[in-house]
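As stored in coords13.cif (mmCIF, C-alpha atoms and all ligand atoms):
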```cif
data_start
loop_
_atom_site.label_atom_id
_atom_site.label_comp_id
_atom_site.auth_asym_id
_atom_site.auth_seq_id
_atom_site.Cartn_x
_atom_site.Cartn_y
_atom_site.Cartn_z
CA MET A 1 -37.91 7.92 33.42
CA LYS A 2 -37.27 4.67 31.59
CA TRP A 3 -35.96 4.61 28.05
CA ILE A 4 -38.64 2.62 26.25
CA TYR A 5 -36.27 0.92 23.78
CA ASP A 6 -34.62 -1.02 26.58
CA LEU A 7 -37.82 -3.00 27.26
CA SER A 8 -38.68 -6.31 25.67
CA PHE A 9 -42.28 -6.78 24.58
CA ASP A 10 -43.02 -8.97 27.59
CA GLN A 11 -41.53 -6.44 29.98
CA LEU A 12 -43.63 -3.66 28.48
CA LYS A 13 -46.75 -5.82 28.75
CA GLU A 14 -46.06 -6.43 32.43
CA GLU A 15 -45.48 -2.76 33.04
CA MET A 16 -48.81 -1.92 31.40
CA ASN A 17 -50.44 -4.35 33.77
CA ALA A 18 -48.78 -2.68 36.74
CA VAL A 19 -50.24 0.73 35.85
CA ASN A 20 -53.68 -0.69 34.96
CA ILE A 21 -53.43 -0.09 31.25
CA LYS A 22 -54.82 -2.87 29.06
CA LYS A 23 -52.11 -5.26 27.83
CA PHE A 24 -52.98 -4.76 24.16
CA VAL A 25 -51.69 -1.21 24.50
CA ALA A 26 -48.21 -2.77 24.59
CA ASP A 27 -48.90 -4.08 21.06
CA GLN A 28 -49.96 -0.62 19.98
CA ILE A 29 -46.88 1.02 21.48
CA PHE A 30 -44.59 -1.49 19.78
CA SER A 31 -46.34 -0.89 16.51
CA TRP A 32 -45.81 2.89 16.80
CA ILE A 33 -42.20 2.91 17.90
CA TYR A 34 -40.96 -0.01 15.83
CA ALA A 35 -43.23 -0.87 12.88
CA LYS A 36 -44.21 2.74 12.14
CA ASN A 37 -41.01 4.24 13.57
CA ILE A 38 -42.97 7.14 15.09
CA GLN A 39 -41.65 8.18 18.49
CA ASP A 40 -43.77 11.25 19.21
CA THR A 41 -46.47 10.04 21.63
CA THR A 42 -48.91 12.77 20.55
CA GLN A 43 -49.20 11.00 17.19
CA TRP A 44 -50.19 7.64 18.70
CA THR A 45 -53.80 8.27 17.81
CA ASN A 46 -55.23 4.81 18.51
CA ILE A 47 -54.22 5.15 22.17
CA SER A 48 -56.47 7.26 24.40
CA LYS A 49 -55.26 10.73 25.36
CA ILE A 50 -55.18 9.81 29.03
CA ASN A 51 -53.08 6.73 28.41
CA ARG A 52 -50.77 8.67 26.13
CA GLN A 53 -50.26 11.14 28.95
CA ILE A 54 -49.46 8.36 31.41
CA LEU A 55 -47.05 6.79 28.93
CA ALA A 56 -45.33 10.09 28.23
CA ASN A 57 -44.73 10.50 31.97
CA LEU A 58 -43.40 6.96 32.35
CA TYR A 59 -41.21 6.61 29.30
CA ASP A 60 -38.62 8.53 27.38
CA THR A 61 -39.33 7.71 23.73
CA THR A 62 -36.73 9.95 22.10
CA LEU A 63 -34.09 8.30 19.96
CA ASN A 64 -30.40 9.04 20.35
CA THR A 65 -29.02 12.05 18.51
CA ILE A 66 -27.22 11.70 15.20
CA LEU A 67 -24.19 13.98 15.44
CA LYS A 68 -22.92 13.50 11.94
CA ILE A 69 -23.68 11.67 8.71
CA ASN A 70 -20.93 10.87 6.22
CA GLU A 71 -21.99 9.67 2.80
CA ASP A 72 -19.90 8.41 -0.08
CA GLN A 73 -20.80 8.55 -3.79
CA LYS A 74 -22.22 5.01 -3.81
CA GLY A 75 -24.77 5.77 -1.11
CA THR A 76 -22.99 4.20 1.89
CA LYS A 77 -23.77 6.34 4.92
CA LYS A 78 -22.04 6.27 8.27
CA ILE A 79 -23.94 7.81 11.16
CA LEU A 80 -22.24 8.96 14.33
CA VAL A 81 -24.66 8.50 17.22
CA GLU A 82 -24.38 10.19 20.59
CA LEU A 83 -25.59 8.08 23.50
CA GLN A 84 -27.22 9.58 26.59
CA ASP A 85 -23.94 9.45 28.51
CA LYS A 86 -22.19 11.23 25.60
CA HIS A 87 -20.31 8.16 24.40
CA LYS A 88 -20.33 7.86 20.63
CA ILE A 89 -20.95 4.87 18.39
CA GLU A 90 -21.19 4.33 14.67
CA ALA A 91 -23.68 2.53 12.47
CA VAL A 92 -23.49 2.15 8.72
CA LEU A 93 -26.08 1.96 5.96
CA ILE A 94 -24.82 0.14 2.89
CA LYS A 95 -26.64 0.36 -0.41
CA GLU A 96 -26.44 -2.98 -2.18
CA GLN A 97 -28.54 -3.39 -5.30
CA PRO A 98 -31.49 -3.80 -4.77
CA HIS A 99 -31.60 -3.96 -0.97
CA TYR A 100 -29.91 -2.32 2.00
CA THR A 101 -27.61 -3.64 4.69
CA PHE A 102 -27.37 -2.09 8.15
CA CYS A 103 -24.12 -2.59 10.02
CA ILE A 104 -24.79 -2.25 13.74
CA SER A 105 -22.54 -1.79 16.78
CA THR A 106 -22.93 -3.73 20.01
CA GLN A 107 -20.35 -2.15 22.31
CA VAL A 108 -18.69 1.23 22.79
CA GLY A 109 -15.18 0.30 21.72
CA CYS A 110 -14.09 -3.31 21.99
CA PRO A 111 -12.12 -5.30 24.58
CA LEU A 112 -10.59 -7.78 22.13
CA LYS A 113 -7.64 -5.71 20.91
CA CYS A 114 -7.24 -7.50 17.58
CA LYS A 115 -3.98 -6.14 16.21
CA PHE A 116 -5.45 -5.04 12.88
CA CYS A 117 -8.65 -3.33 14.03
CA ALA A 118 -9.18 0.39 14.72
CA THR A 119 -12.06 -0.26 17.12
CA GLY A 120 -9.76 -2.43 19.24
CA ARG A 121 -7.31 0.47 19.45
CA MET A 122 -9.82 2.75 21.16
CA GLY A 123 -10.21 0.28 24.02
CA PHE A 124 -13.41 -0.85 25.67
CA LYS A 125 -15.80 1.64 27.22
CA ARG A 126 -18.99 -0.31 27.87
CA ASN A 127 -21.67 -2.61 26.52
CA LEU A 128 -24.60 -1.12 24.64
CA SER A 129 -28.01 -1.51 26.24
CA PRO A 130 -30.74 -3.38 24.31
CA GLY A 131 -32.29 -0.05 23.31
CA GLU A 132 -28.99 1.37 22.12
CA ILE A 133 -28.69 -1.60 19.76
CA VAL A 134 -32.30 -1.57 18.53
CA SER A 135 -32.45 2.18 18.06
CA GLN A 136 -29.55 2.11 15.58
CA VAL A 137 -31.89 0.15 13.31
CA LEU A 138 -34.62 2.77 13.77
CA LEU A 139 -32.23 5.63 13.07
CA LEU A 140 -30.91 3.98 9.91
CA LYS A 141 -34.46 3.19 8.75
CA LYS A 142 -35.31 6.88 9.02
CA GLN A 143 -32.57 7.54 6.49
CA LEU A 144 -34.54 5.44 3.99
CA GLN A 145 -37.86 7.24 4.39
CA ASP A 146 -40.53 5.17 2.63
CA TYR A 147 -38.36 2.24 1.54
CA LYS A 148 -40.29 -0.97 2.21
CA GLY A 149 -37.96 -3.55 0.66
CA LYS A 150 -35.51 -6.00 2.14
CA ILE A 151 -33.12 -4.98 4.89
CA ASN A 152 -30.22 -7.13 6.03
CA ILE A 153 -28.57 -6.59 9.35
CA VAL A 154 -24.96 -7.40 10.01
CA LEU A 155 -23.72 -7.31 13.58
CA MET A 156 -20.26 -6.24 12.47
CA GLY A 157 -19.94 -2.71 13.77
CA MET A 158 -18.01 -1.71 16.85
CA GLY A 159 -17.55 -4.39 19.47
CA GLU A 160 -17.77 -8.14 19.93
CA PRO A 161 -21.49 -8.96 19.85
CA LEU A 162 -21.15 -12.18 21.82
CA LEU A 163 -19.52 -10.41 24.75
CA ASN A 164 -22.78 -8.50 25.15
CA TYR A 165 -25.11 -11.38 24.52
CA ASP A 166 -27.74 -10.75 27.22
CA ASN A 167 -28.51 -7.25 25.93
CA LEU A 168 -28.15 -8.34 22.32
CA LYS A 169 -30.67 -11.13 22.88
CA ILE A 170 -33.33 -8.64 24.02
CA ALA A 171 -32.49 -6.40 21.06
CA LEU A 172 -32.67 -9.29 18.59
CA GLY A 173 -36.02 -10.31 20.08
CA ILE A 174 -37.39 -6.86 19.18
CA ILE A 175 -35.66 -6.68 15.80
CA THR A 176 -36.95 -10.09 14.68
CA SER A 177 -40.43 -10.04 16.24
CA ASP A 178 -43.49 -9.36 14.09
CA LYS A 179 -44.62 -7.00 16.82
CA GLY A 180 -41.31 -5.14 16.56
CA ILE A 181 -39.15 -4.35 13.54
CA ALA A 182 -39.93 -7.69 11.86
CA ILE A 183 -36.63 -8.40 10.16
CA ALA A 184 -36.39 -12.15 9.62
CA PRO A 185 -33.54 -13.92 11.44
CA ARG A 186 -32.30 -15.31 8.13
CA HIS A 187 -31.58 -11.73 7.07
CA ILE A 188 -29.36 -11.16 10.09
CA CYS A 189 -25.71 -12.11 10.30
CA LEU A 190 -23.62 -12.02 13.44
CA SER A 191 -19.86 -11.80 13.17
CA THR A 192 -17.78 -13.06 16.05
CA ALA A 193 -14.14 -13.44 16.95
CA GLY A 194 -15.29 -16.70 18.57
CA ILE A 195 -16.70 -16.97 22.10
CA LEU A 196 -17.73 -20.60 22.06
CA LYS A 197 -20.18 -20.69 24.97
CA GLU A 198 -22.04 -17.71 23.54
CA ILE A 199 -22.03 -19.11 20.00
CA MET A 200 -23.87 -22.09 21.45
CA ARG A 201 -26.42 -19.85 23.19
CA LEU A 202 -26.98 -17.83 20.03
CA GLU A 203 -27.52 -20.95 17.96
CA THR A 204 -30.05 -22.24 20.49
CA ASP A 205 -31.94 -18.96 20.80
CA PHE A 206 -31.80 -17.92 17.13
CA PRO A 207 -31.01 -20.95 14.97
CA LYS A 208 -31.70 -19.04 11.77
CA ILE A 209 -29.37 -16.13 12.40
CA LYS A 210 -26.34 -16.59 10.18
CA LEU A 211 -22.97 -16.88 11.74
CA SER A 212 -19.69 -15.42 10.51
CA PHE A 213 -16.53 -16.45 12.26
CA SER A 214 -13.52 -14.16 11.95
CA LEU A 215 -10.88 -16.75 11.14
CA ASN A 216 -8.25 -14.33 9.87
CA ALA A 217 -5.32 -16.75 10.11
CA PRO A 218 -4.30 -20.12 8.69
CA ASP A 219 -3.28 -21.60 12.05
CA ALA A 220 -3.70 -21.19 15.79
CA SER A 221 -0.33 -19.62 16.34
CA LEU A 222 -0.70 -16.71 13.90
CA ARG A 223 -4.29 -16.28 15.00
CA GLU A 224 -3.19 -15.93 18.63
CA GLN A 225 -0.76 -13.22 17.61
CA LEU A 226 -3.34 -11.27 15.63
CA MET A 227 -6.32 -11.92 17.88
CA PRO A 228 -5.36 -12.26 21.57
CA ILE A 229 -8.83 -13.65 22.42
CA SER A 230 -7.77 -16.79 20.59
CA ARG A 231 -5.50 -17.71 23.51
CA LYS A 232 -8.59 -18.08 25.71
CA GLU A 233 -10.86 -19.44 23.01
CA PRO A 234 -8.77 -21.99 21.14
CA LEU A 235 -9.29 -22.16 17.39
CA GLU A 236 -9.36 -25.98 17.36
CA LYS A 237 -12.27 -26.08 19.79
CA ILE A 238 -14.32 -23.66 17.75
CA LEU A 239 -13.66 -25.47 14.48
CA GLU A 240 -14.41 -28.78 16.17
CA TYR A 241 -17.74 -27.35 17.34
CA PHE A 242 -18.63 -26.27 13.80
CA ARG A 243 -17.67 -29.71 12.53
CA THR A 244 -19.63 -31.72 15.07
CA THR A 245 -22.78 -29.58 14.85
CA LYS A 246 -22.94 -29.24 11.08
CA GLU A 247 -26.00 -31.50 10.73
CA LYS A 248 -28.06 -29.18 12.89
CA ARG A 249 -27.09 -25.95 11.14
CA LYS A 250 -29.42 -24.76 8.39
CA PHE A 251 -26.81 -22.57 6.70
CA ARG A 252 -23.12 -22.66 5.95
CA VAL A 253 -20.85 -20.85 8.38
CA THR A 254 -19.02 -17.93 6.79
CA PHE A 255 -15.33 -17.67 7.53
CA GLU A 256 -14.20 -14.10 7.38
CA TYR A 257 -10.58 -13.63 6.58
CA VAL A 258 -8.91 -10.25 6.62
CA LEU A 259 -6.11 -10.42 4.07
CA ILE A 260 -3.11 -8.47 5.34
CA LYS A 261 -0.15 -7.88 3.04
CA GLY A 262 2.79 -10.11 3.88
CA VAL A 263 1.12 -11.45 7.04
CA ASN A 264 -1.54 -14.00 6.07
CA ASP A 265 -2.11 -13.51 2.33
CA SER A 266 0.20 -15.98 0.57
CA LEU A 267 -0.70 -19.09 -1.36
CA VAL A 268 0.88 -21.20 1.36
CA HIS A 269 -1.53 -19.60 3.82
CA ALA A 270 -4.45 -20.29 1.47
CA LYS A 271 -3.51 -23.97 1.32
CA LYS A 272 -3.35 -24.18 5.11
CA VAL A 273 -6.72 -22.47 5.40
CA ALA A 274 -8.36 -24.92 3.04
CA ALA A 275 -6.98 -27.84 5.03
CA LEU A 276 -7.90 -26.25 8.36
CA VAL A 277 -11.62 -25.99 7.65
CA ARG A 278 -12.02 -29.31 5.90
CA GLY A 279 -15.27 -31.02 6.86
CA ILE A 280 -17.11 -27.83 7.75
CA PRO A 281 -19.83 -26.69 5.34
CA CYS A 282 -18.72 -23.10 4.85
CA LYS A 283 -18.06 -20.18 2.59
CA PHE A 284 -15.37 -17.55 2.64
CA ASN A 285 -15.58 -13.83 2.92
CA LEU A 286 -12.15 -12.45 2.10
CA ILE A 287 -11.67 -8.85 3.22
CA PRO A 288 -8.59 -7.13 1.79
CA TYR A 289 -7.24 -5.15 4.73
CA ASN A 290 -8.64 -1.64 5.14
CA GLU A 291 -5.80 0.57 6.22
CA CYS A 292 -6.16 2.73 9.33
CA ASP A 293 -3.99 5.73 10.26
CA THR A 294 -2.80 4.22 13.52
CA ILE A 295 -1.97 0.70 12.35
CA ARG A 296 0.98 -0.36 10.25
CA PHE A 297 -0.67 -3.21 8.31
CA LYS A 298 -1.17 -2.82 4.56
CA THR A 299 -3.74 -3.82 1.96
CA PRO A 300 -2.50 -6.72 -0.17
CA ASP A 301 -2.02 -6.41 -3.93
CA LYS A 302 -4.94 -7.41 -6.07
CA GLN A 303 -2.85 -10.26 -7.49
CA ALA A 304 -2.34 -11.77 -4.05
CA VAL A 305 -6.03 -11.46 -3.26
CA ASP A 306 -6.95 -13.11 -6.57
CA ALA A 307 -4.48 -15.95 -6.06
CA PHE A 308 -5.76 -16.58 -2.53
CA SER A 309 -9.38 -16.58 -3.58
CA ASP A 310 -8.75 -18.63 -6.75
CA TYR A 311 -7.08 -21.33 -4.66
CA LEU A 312 -9.99 -21.65 -2.24
CA TYR A 313 -12.40 -21.58 -5.16
CA SER A 314 -10.46 -24.38 -6.87
CA LYS A 315 -10.95 -26.46 -3.72
CA GLY A 316 -14.70 -26.13 -4.11
CA TYR A 317 -15.40 -23.32 -1.66
CA THR A 318 -17.71 -20.40 -2.31
CA VAL A 319 -15.57 -17.30 -2.01
CA ILE A 320 -16.67 -13.69 -1.83
CA VAL A 321 -14.03 -11.00 -1.91
CA ARG A 322 -15.25 -7.95 -0.06
CA TRP A 323 -13.31 -4.94 -1.28
CA SER A 324 -15.02 -2.85 1.34
CA LYS A 325 -17.56 -0.17 0.61
CA GLY A 326 -17.29 3.14 2.39
CA LYS A 327 -13.51 3.24 2.72
CA GLU A 328 -13.29 6.95 1.93
CA ILE A 329 -15.66 7.73 4.81
CA LYS A 330 -13.85 5.33 7.15
CA SER A 331 -16.90 3.12 7.53
CA ALA A 332 -15.35 -0.09 6.27
CA CYS A 333 -14.59 -3.13 8.44
CA GLY A 334 -12.22 -2.34 11.23
CA GLN A 335 -12.31 1.41 10.63
CA LEU A 336 -15.06 2.31 13.07
CA ALA A 337 -13.56 4.17 15.98
CA GLY A 338 -16.36 6.46 17.14
CA GLU A 339 -14.82 9.64 15.89
CA GLY A 340 -17.11 10.47 12.96
N1 LIG A 401 -15.92 -8.55 16.80
C1 LIG A 401 -16.57 -9.13 15.66
C2 LIG A 401 -17.15 -8.12 14.69
C3 LIG A 401 -16.27 -6.98 14.28
S1 LIG A 401 -15.59 -6.60 12.80
C4 LIG A 401 -15.61 -10.05 14.94
O1 LIG A 401 -14.45 -10.13 15.30
O2 LIG A 401 -16.05 -10.76 14.04
C5 LIG A 401 -16.15 -7.42 11.45
C6 LIG A 401 -15.02 -7.98 10.57
O3 LIG A 401 -14.07 -6.99 10.17
C7 LIG A 401 -14.20 -9.04 11.30
O4 LIG A 401 -14.12 -10.19 10.48
C8 LIG A 401 -12.84 -8.42 11.45
O5 LIG A 401 -11.83 -9.40 11.45
C9 LIG A 401 -12.77 -7.51 10.23
N2 LIG A 401 -11.81 -6.41 10.34
C10 LIG A 401 -11.39 -5.77 11.44
N3 LIG A 401 -10.51 -4.81 11.13
C11 LIG A 401 -10.38 -4.82 9.78
C12 LIG A 401 -9.63 -4.03 8.85
N4 LIG A 401 -8.87 -3.02 9.24
N5 LIG A 401 -9.75 -4.33 7.54
C13 LIG A 401 -10.57 -5.31 7.13
N6 LIG A 401 -11.31 -6.05 7.96
C14 LIG A 401 -11.21 -5.83 9.27
#
```

If you convert what's in this file into structure tokens, what do you get?
Amino acid sequence: MKWIYDLSFDQLKEEMNAVNIKKFVADQIFSWIYAKNIQDTTQWTNISKINRQILANLYDTTLNTILKINEDQKGTKKILVELQDKHKIEAVLIKEQPHYTFCISTQVGCPLKCKFCATGRMGFKRNLSPGEIVSQVLLLKKQLQDYKGKINIVLMGMGEPLLNYDNLKIALGIITSDKGIAIAPRHICLSTAGILKEIMRLETDFPKIKLSFSLNAPDASLREQLMPISRKEPLEKILEYFRTTKEKRKFRVTFEYVLIKGVNDSLVHAKKVAALVRGIPCKFNLIPYNECDTIRFKTPDKQAVDAFSDYLYSKGYTVIVRWSKGKEIKSACGQLAGEG
């Protein structure tokens, strides 16, 4: 039996054709599973009983199981999801006044091995299928019951989204389509360690999806130490790409920068960072390091964070400092390790 969430709308339409069911039934199915978030085929009342029976024999419509939900006092919830092959992933619901943000995973583990990140420590297991990406959104939506307001999606959970671009593209098609979950691309942000070829594909396929680049260091050499992928994907090339394509981009690139005590958080580093990104319309997301049990890096002092951010601000940059939400339930950046 096929898992229905792995199919794009066009694939489902073709499959309907193959079993002699009218194509518009694909619209109805999408509306039930995605817009209405109702997976029980017996409730799909605008589809004939016979067709519902055929569909129930063809497709598995059950969502993955939530093994555990951790919630902090501010309403951030981390869900631990069990996949069909028993691997586990995490997705996070963040309450931001007045809307919600969903932080979604794209891989089980991560192959990049960034020195500061807990997900990197667990190694890489496999890519998520399109359905495993999309269904995280459905599971998180169920946590909100009748909420109809704005939802942002950040592709910042476990994994490097651009190393799973083919599956992610199908998932994003469903998430953004009016026939599917209908979340506008401008409300979606993808965070990448920087895979240039795939950044280009993403920007062609989804020009309105916002891009965050995990800069994390003031120069190529420190970046290569912290993020080994940077040896294959040189920083200069990525920055050059952002510079030369700035006219086309409808938004400013966000540079994420994990501030690690004594490693990349001094004023000298801040000055280098400002010089490094000159000429690129951008903003900064500074993330004071979230400590993890297995990693020796430390959170910087508030003073150092303030001095770093004040410097960038004084150079005219928009700076957001993200003292992470959900630290006590280990759902903050870099703390997702699939263990609940
Ligand atoms: N692979 C993607 C998305 C993953 S994480 C990427 O590299 O962008 C999202 C953000 O969290 C990244 O900017 C990453 O650098 C940051 N991050 C990872 N570990 C962290 C930690 N322990 N504390 C704070 N931020 C961290």

Around all of ligand LIG 401 (chain A)'s listed atoms, make the axis-aligned box with 6 Å on each side and tell me centre and edge lengths in Å to one decimal, as lines of an AutoDock Vina configuration file.
```
center_x = -13.0
center_y = -6.9
center_z = 12.0
size_x = 20.3
size_y = 19.7
size_z = 21.7
```

Could you report the residues within 8 Å of ligand LIG 401 (chain A), using all atoms listed in the file, as a tab-separated table (two decimals) with C-alpha atoms, in the frame of the given file?
```tsv
chain	number	residue	atom	x	y	z
A	110	CYS	CA	-14.09	-3.31	21.99
A	112	LEU	CA	-10.59	-7.78	22.13
A	114	CYS	CA	-7.24	-7.50	17.58
A	116	PHE	CA	-5.45	-5.04	12.88
A	117	CYS	CA	-8.65	-3.33	14.03
A	118	ALA	CA	-9.18	0.39	14.72
A	119	THR	CA	-12.06	-0.26	17.12
A	155	LEU	CA	-23.72	-7.31	13.58
A	156	MET	CA	-20.26	-6.24	12.47
A	157	GLY	CA	-19.94	-2.71	13.77
A	158	MET	CA	-18.01	-1.71	16.85
A	159	GLY	CA	-17.55	-4.39	19.47
A	160	GLU	CA	-17.77	-8.14	19.93
A	161	PRO	CA	-21.49	-8.96	19.85
A	190	LEU	CA	-23.62	-12.02	13.44
A	191	SER	CA	-19.86	-11.80	13.17
A	192	THR	CA	-17.78	-13.06	16.05
A	193	ALA	CA	-14.14	-13.44	16.95
A	194	GLY	CA	-15.29	-16.70	18.57
A	212	SER	CA	-19.69	-15.42	10.51
A	213	PHE	CA	-16.53	-16.45	12.26
A	214	SER	CA	-13.52	-14.16	11.95
A	215	LEU	CA	-10.88	-16.75	11.14
A	216	ASN	CA	-8.25	-14.33	9.87
A	256	GLU	CA	-14.20	-14.10	7.38
A	257	TYR	CA	-10.58	-13.63	6.58
A	258	VAL	CA	-8.91	-10.25	6.62
A	259	LEU	CA	-6.11	-10.42	4.07
A	287	ILE	CA	-11.67	-8.85	3.22
A	288	PRO	CA	-8.59	-7.13	1.79
A	289	TYR	CA	-7.24	-5.15	4.73
A	290	ASN	CA	-8.64	-1.64	5.14
A	291	GLU	CA	-5.80	0.57	6.22
A	292	CYS	CA	-6.16	2.73	9.33
A	324	SER	CA	-15.02	-2.85	1.34
A	332	ALA	CA	-15.35	-0.09	6.27
A	333	CYS	CA	-14.59	-3.13	8.44
A	334	GLY	CA	-12.22	-2.34	11.23
A	335	GLN	CA	-12.31	1.41	10.63
```

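Going from atom CA of A:Glu14 to atom CA of A:Ile54 covers 15.2 Å.
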
Please work out which residues fall within 10 Å of (-29.9, -18.0, 12.3), coordinates as given in the file, with all atoms listed in the file counting, and return them as an mmCIF file with C-alpha atoms, keeping the file's coordinate frame.
```cif
data_model
loop_
_atom_site.group_PDB
_atom_site.id
_atom_site.type_symbol
_atom_site.label_atom_id
_atom_site.label_comp_id
_atom_site.auth_asym_id
_atom_site.auth_seq_id
_atom_site.Cartn_x
_atom_site.Cartn_y
_atom_site.Cartn_z
ATOM 1 C CA ALA A 184 -36.390 -12.150 9.620
ATOM 2 C CA PRO A 185 -33.540 -13.920 11.440
ATOM 3 C CA ARG A 186 -32.300 -15.310 8.130
ATOM 4 C CA HIS A 187 -31.580 -11.730 7.070
ATOM 5 C CA ILE A 188 -29.360 -11.160 10.090
ATOM 6 C CA CYS A 189 -25.710 -12.110 10.300
ATOM 7 C CA LEU A 190 -23.620 -12.020 13.440
ATOM 8 C CA LEU A 202 -26.980 -17.830 20.030
ATOM 9 C CA GLU A 203 -27.520 -20.950 17.960
ATOM 10 C CA THR A 204 -30.050 -22.240 20.490
ATOM 11 C CA ASP A 205 -31.940 -18.960 20.800
ATOM 12 C CA PHE A 206 -31.800 -17.920 17.130
ATOM 13 C CA PRO A 207 -31.010 -20.950 14.970
ATOM 14 C CA LYS A 208 -31.700 -19.040 11.770
ATOM 15 C CA ILE A 209 -29.370 -16.130 12.400
ATOM 16 C CA LYS A 210 -26.340 -16.590 10.180
ATOM 17 C CA LEU A 211 -22.970 -16.880 11.740
ATOM 18 C CA ARG A 249 -27.090 -25.950 11.140
ATOM 19 C CA LYS A 250 -29.420 -24.760 8.390
ATOM 20 C CA PHE A 251 -26.810 -22.570 6.700
#
```

Closest of A:Gln143, A:Pro130, A:Gly120, A:Asn152 to A:Glu71, counting all atoms listed in the file, is A:Gln143

Across A:Leu7, A:Leu139, A:Met1, A:Leu55, the smallest distance to A:Val81, with only C-alpha atoms counted, is shown by A:Leu139

* To do: Determine, counting all atoms listed in the file, which protein, DNA and RNA residues have an atom within 9 Å of an atom of A:Tyr241; residues of the same chain fewer than 5 positions away are not included. Present the result as a list in words.
  =>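 Neighbouring residues, sequence-local ones excluded: Leu196, Glu236 and Lys246 of chain A.
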
*asked:* So that I can check the surroundings of A:Ala304, please list as an MDAnalysis selection string every protein, DNA and RNA residue that reaches within 8 Å of it, counting all atoms listed in the file and ignoring chain neighbours fewer than 4 positions away.
replied: chainID A and resid 265:267 300 308

So that I have them on file, write out the residues from the current selection with C-alpha atoms, as a PDB file, keeping the file's coordinate frame.
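Writing the result to selection-v9.pdb gives the following:
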```pdb
ATOM      1  CA  ASP A 265      -2.110 -13.510   2.330  1.00  0.00           C
ATOM      2  CA  SER A 266       0.200 -15.980   0.570  1.00  0.00           C
ATOM      3  CA  LEU A 267      -0.700 -19.090  -1.360  1.00  0.00           C
ATOM      4  CA  PRO A 300      -2.500  -6.720  -0.170  1.00  0.00           C
ATOM      5  CA  PHE A 308      -5.760 -16.580  -2.530  1.00  0.00           C
TER       6      PHE A 308
END
```

Between stretch 98-172 of chain A and stretch 27-45 of chain A, at 12 Å or less, what are the per-residue closest atom pairs and their distances in Å? Count only C-alpha atoms, order by chain and rising residue number, and return it as JSON lines.
```
{"residue": "A:Gly131", "atom": "CA", "partner": "A:Tyr34", "partner_atom": "CA", "distance": 11.5}
{"residue": "A:Val134", "atom": "CA", "partner": "A:Tyr34", "partner_atom": "CA", "distance": 9.2}
{"residue": "A:Ser135", "atom": "CA", "partner": "A:Tyr34", "partner_atom": "CA", "distance": 9.1}
{"residue": "A:Gln136", "atom": "CA", "partner": "A:Tyr34", "partner_atom": "CA", "distance": 11.6}
{"residue": "A:Val137", "atom": "CA", "partner": "A:Tyr34", "partner_atom": "CA", "distance": 9.4}
{"residue": "A:Leu138", "atom": "CA", "partner": "A:Asn37", "partner_atom": "CA", "distance": 6.6}
{"residue": "A:Leu139", "atom": "CA", "partner": "A:Asn37", "partner_atom": "CA", "distance": 8.9}
{"residue": "A:Leu140", "atom": "CA", "partner": "A:Asn37", "partner_atom": "CA", "distance": 10.7}
{"residue": "A:Lys141", "atom": "CA", "partner": "A:Asn37", "partner_atom": "CA", "distance": 8.2}
{"residue": "A:Lys142", "atom": "CA", "partner": "A:Asn37", "partner_atom": "CA", "distance": 7.8}
{"residue": "A:Gln143", "atom": "CA", "partner": "A:Asn37", "partner_atom": "CA", "distance": 11.5}
{"residue": "A:Leu144", "atom": "CA", "partner": "A:Asn37", "partner_atom": "CA", "distance": 11.6}
{"residue": "A:Gln145", "atom": "CA", "partner": "A:Asn37", "partner_atom": "CA", "distance": 10.2}
{"residue": "A:Asp146", "atom": "CA", "partner": "A:Lys36", "partner_atom": "CA", "distance": 10.5}
{"residue": "A:Lys148", "atom": "CA", "partner": "A:Ala35", "partner_atom": "CA", "distance": 11.1}
{"residue": "A:Ala171", "atom": "CA", "partner": "A:Tyr34", "partner_atom": "CA", "distance": 11.8}
```

Expressed in Å, the length from atom CA of A:Leu226 to atom CA of A:Ile260 is 10.7 Å

Exercise for the section: With a distance cut-off of 10 Å and all atoms listed in the file, select the neighbouring residues of A:Thr65, excluding the residue or stretch itself and same-chain residues fewer than 5 positions from it, and output the selection as a list in words. Expected result: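 So the residues in contact are Ile79, Leu80, Val81, Glu82, Leu83, Gln84, Lys86, Lys88 and Leu139 of chain A.
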
Just the number, please: distance in Å from atom CA of A:Arg296 to atom CA of A:Ala337, one decimal.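 We find that atom CA of A:Arg296 and atom CA of A:Ala337 lie 16.3 Å from each other.
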
Find the residues near A:Glu240: any atom within 12 Å, counting all atoms listed in the file, skip ones fewer than 5 places away on the same chain, and give them as a PyMOL selection string.
-> chain A and resi 196+234-235+245-246+276-280

Supply stretch 307-311 of chain A as an mmCIF file, in the coordinates of the input, with N, CA and C atoms built in where the input has gaps.
```cif
data_model
loop_
_atom_site.group_PDB
_atom_site.id
_atom_site.type_symbol
_atom_site.label_atom_id
_atom_site.label_comp_id
_atom_site.auth_asym_id
_atom_site.auth_seq_id
_atom_site.Cartn_x
_atom_site.Cartn_y
_atom_site.Cartn_z
ATOM 1 N N ALA A 307 -5.099 -14.622 -6.172
ATOM 2 C CA ALA A 307 -4.480 -15.950 -6.060
ATOM 3 C C ALA A 307 -5.046 -16.694 -4.845
ATOM 4 N N PHE A 308 -5.216 -15.989 -3.752
ATOM 5 C CA PHE A 308 -5.760 -16.580 -2.530
ATOM 6 C C PHE A 308 -7.180 -17.075 -2.781
ATOM 7 N N SER A 309 -7.985 -16.213 -3.380
ATOM 8 C CA SER A 309 -9.380 -16.580 -3.580
ATOM 9 C C SER A 309 -9.506 -17.672 -4.649
ATOM 10 N N ASP A 310 -8.689 -17.599 -5.708
ATOM 11 C CA ASP A 310 -8.750 -18.630 -6.750
ATOM 12 C C ASP A 310 -8.418 -20.008 -6.159
ATOM 13 N N TYR A 311 -7.453 -20.037 -5.239
ATOM 14 C CA TYR A 311 -7.080 -21.330 -4.660
ATOM 15 C C TYR A 311 -8.252 -21.931 -3.885
#
```
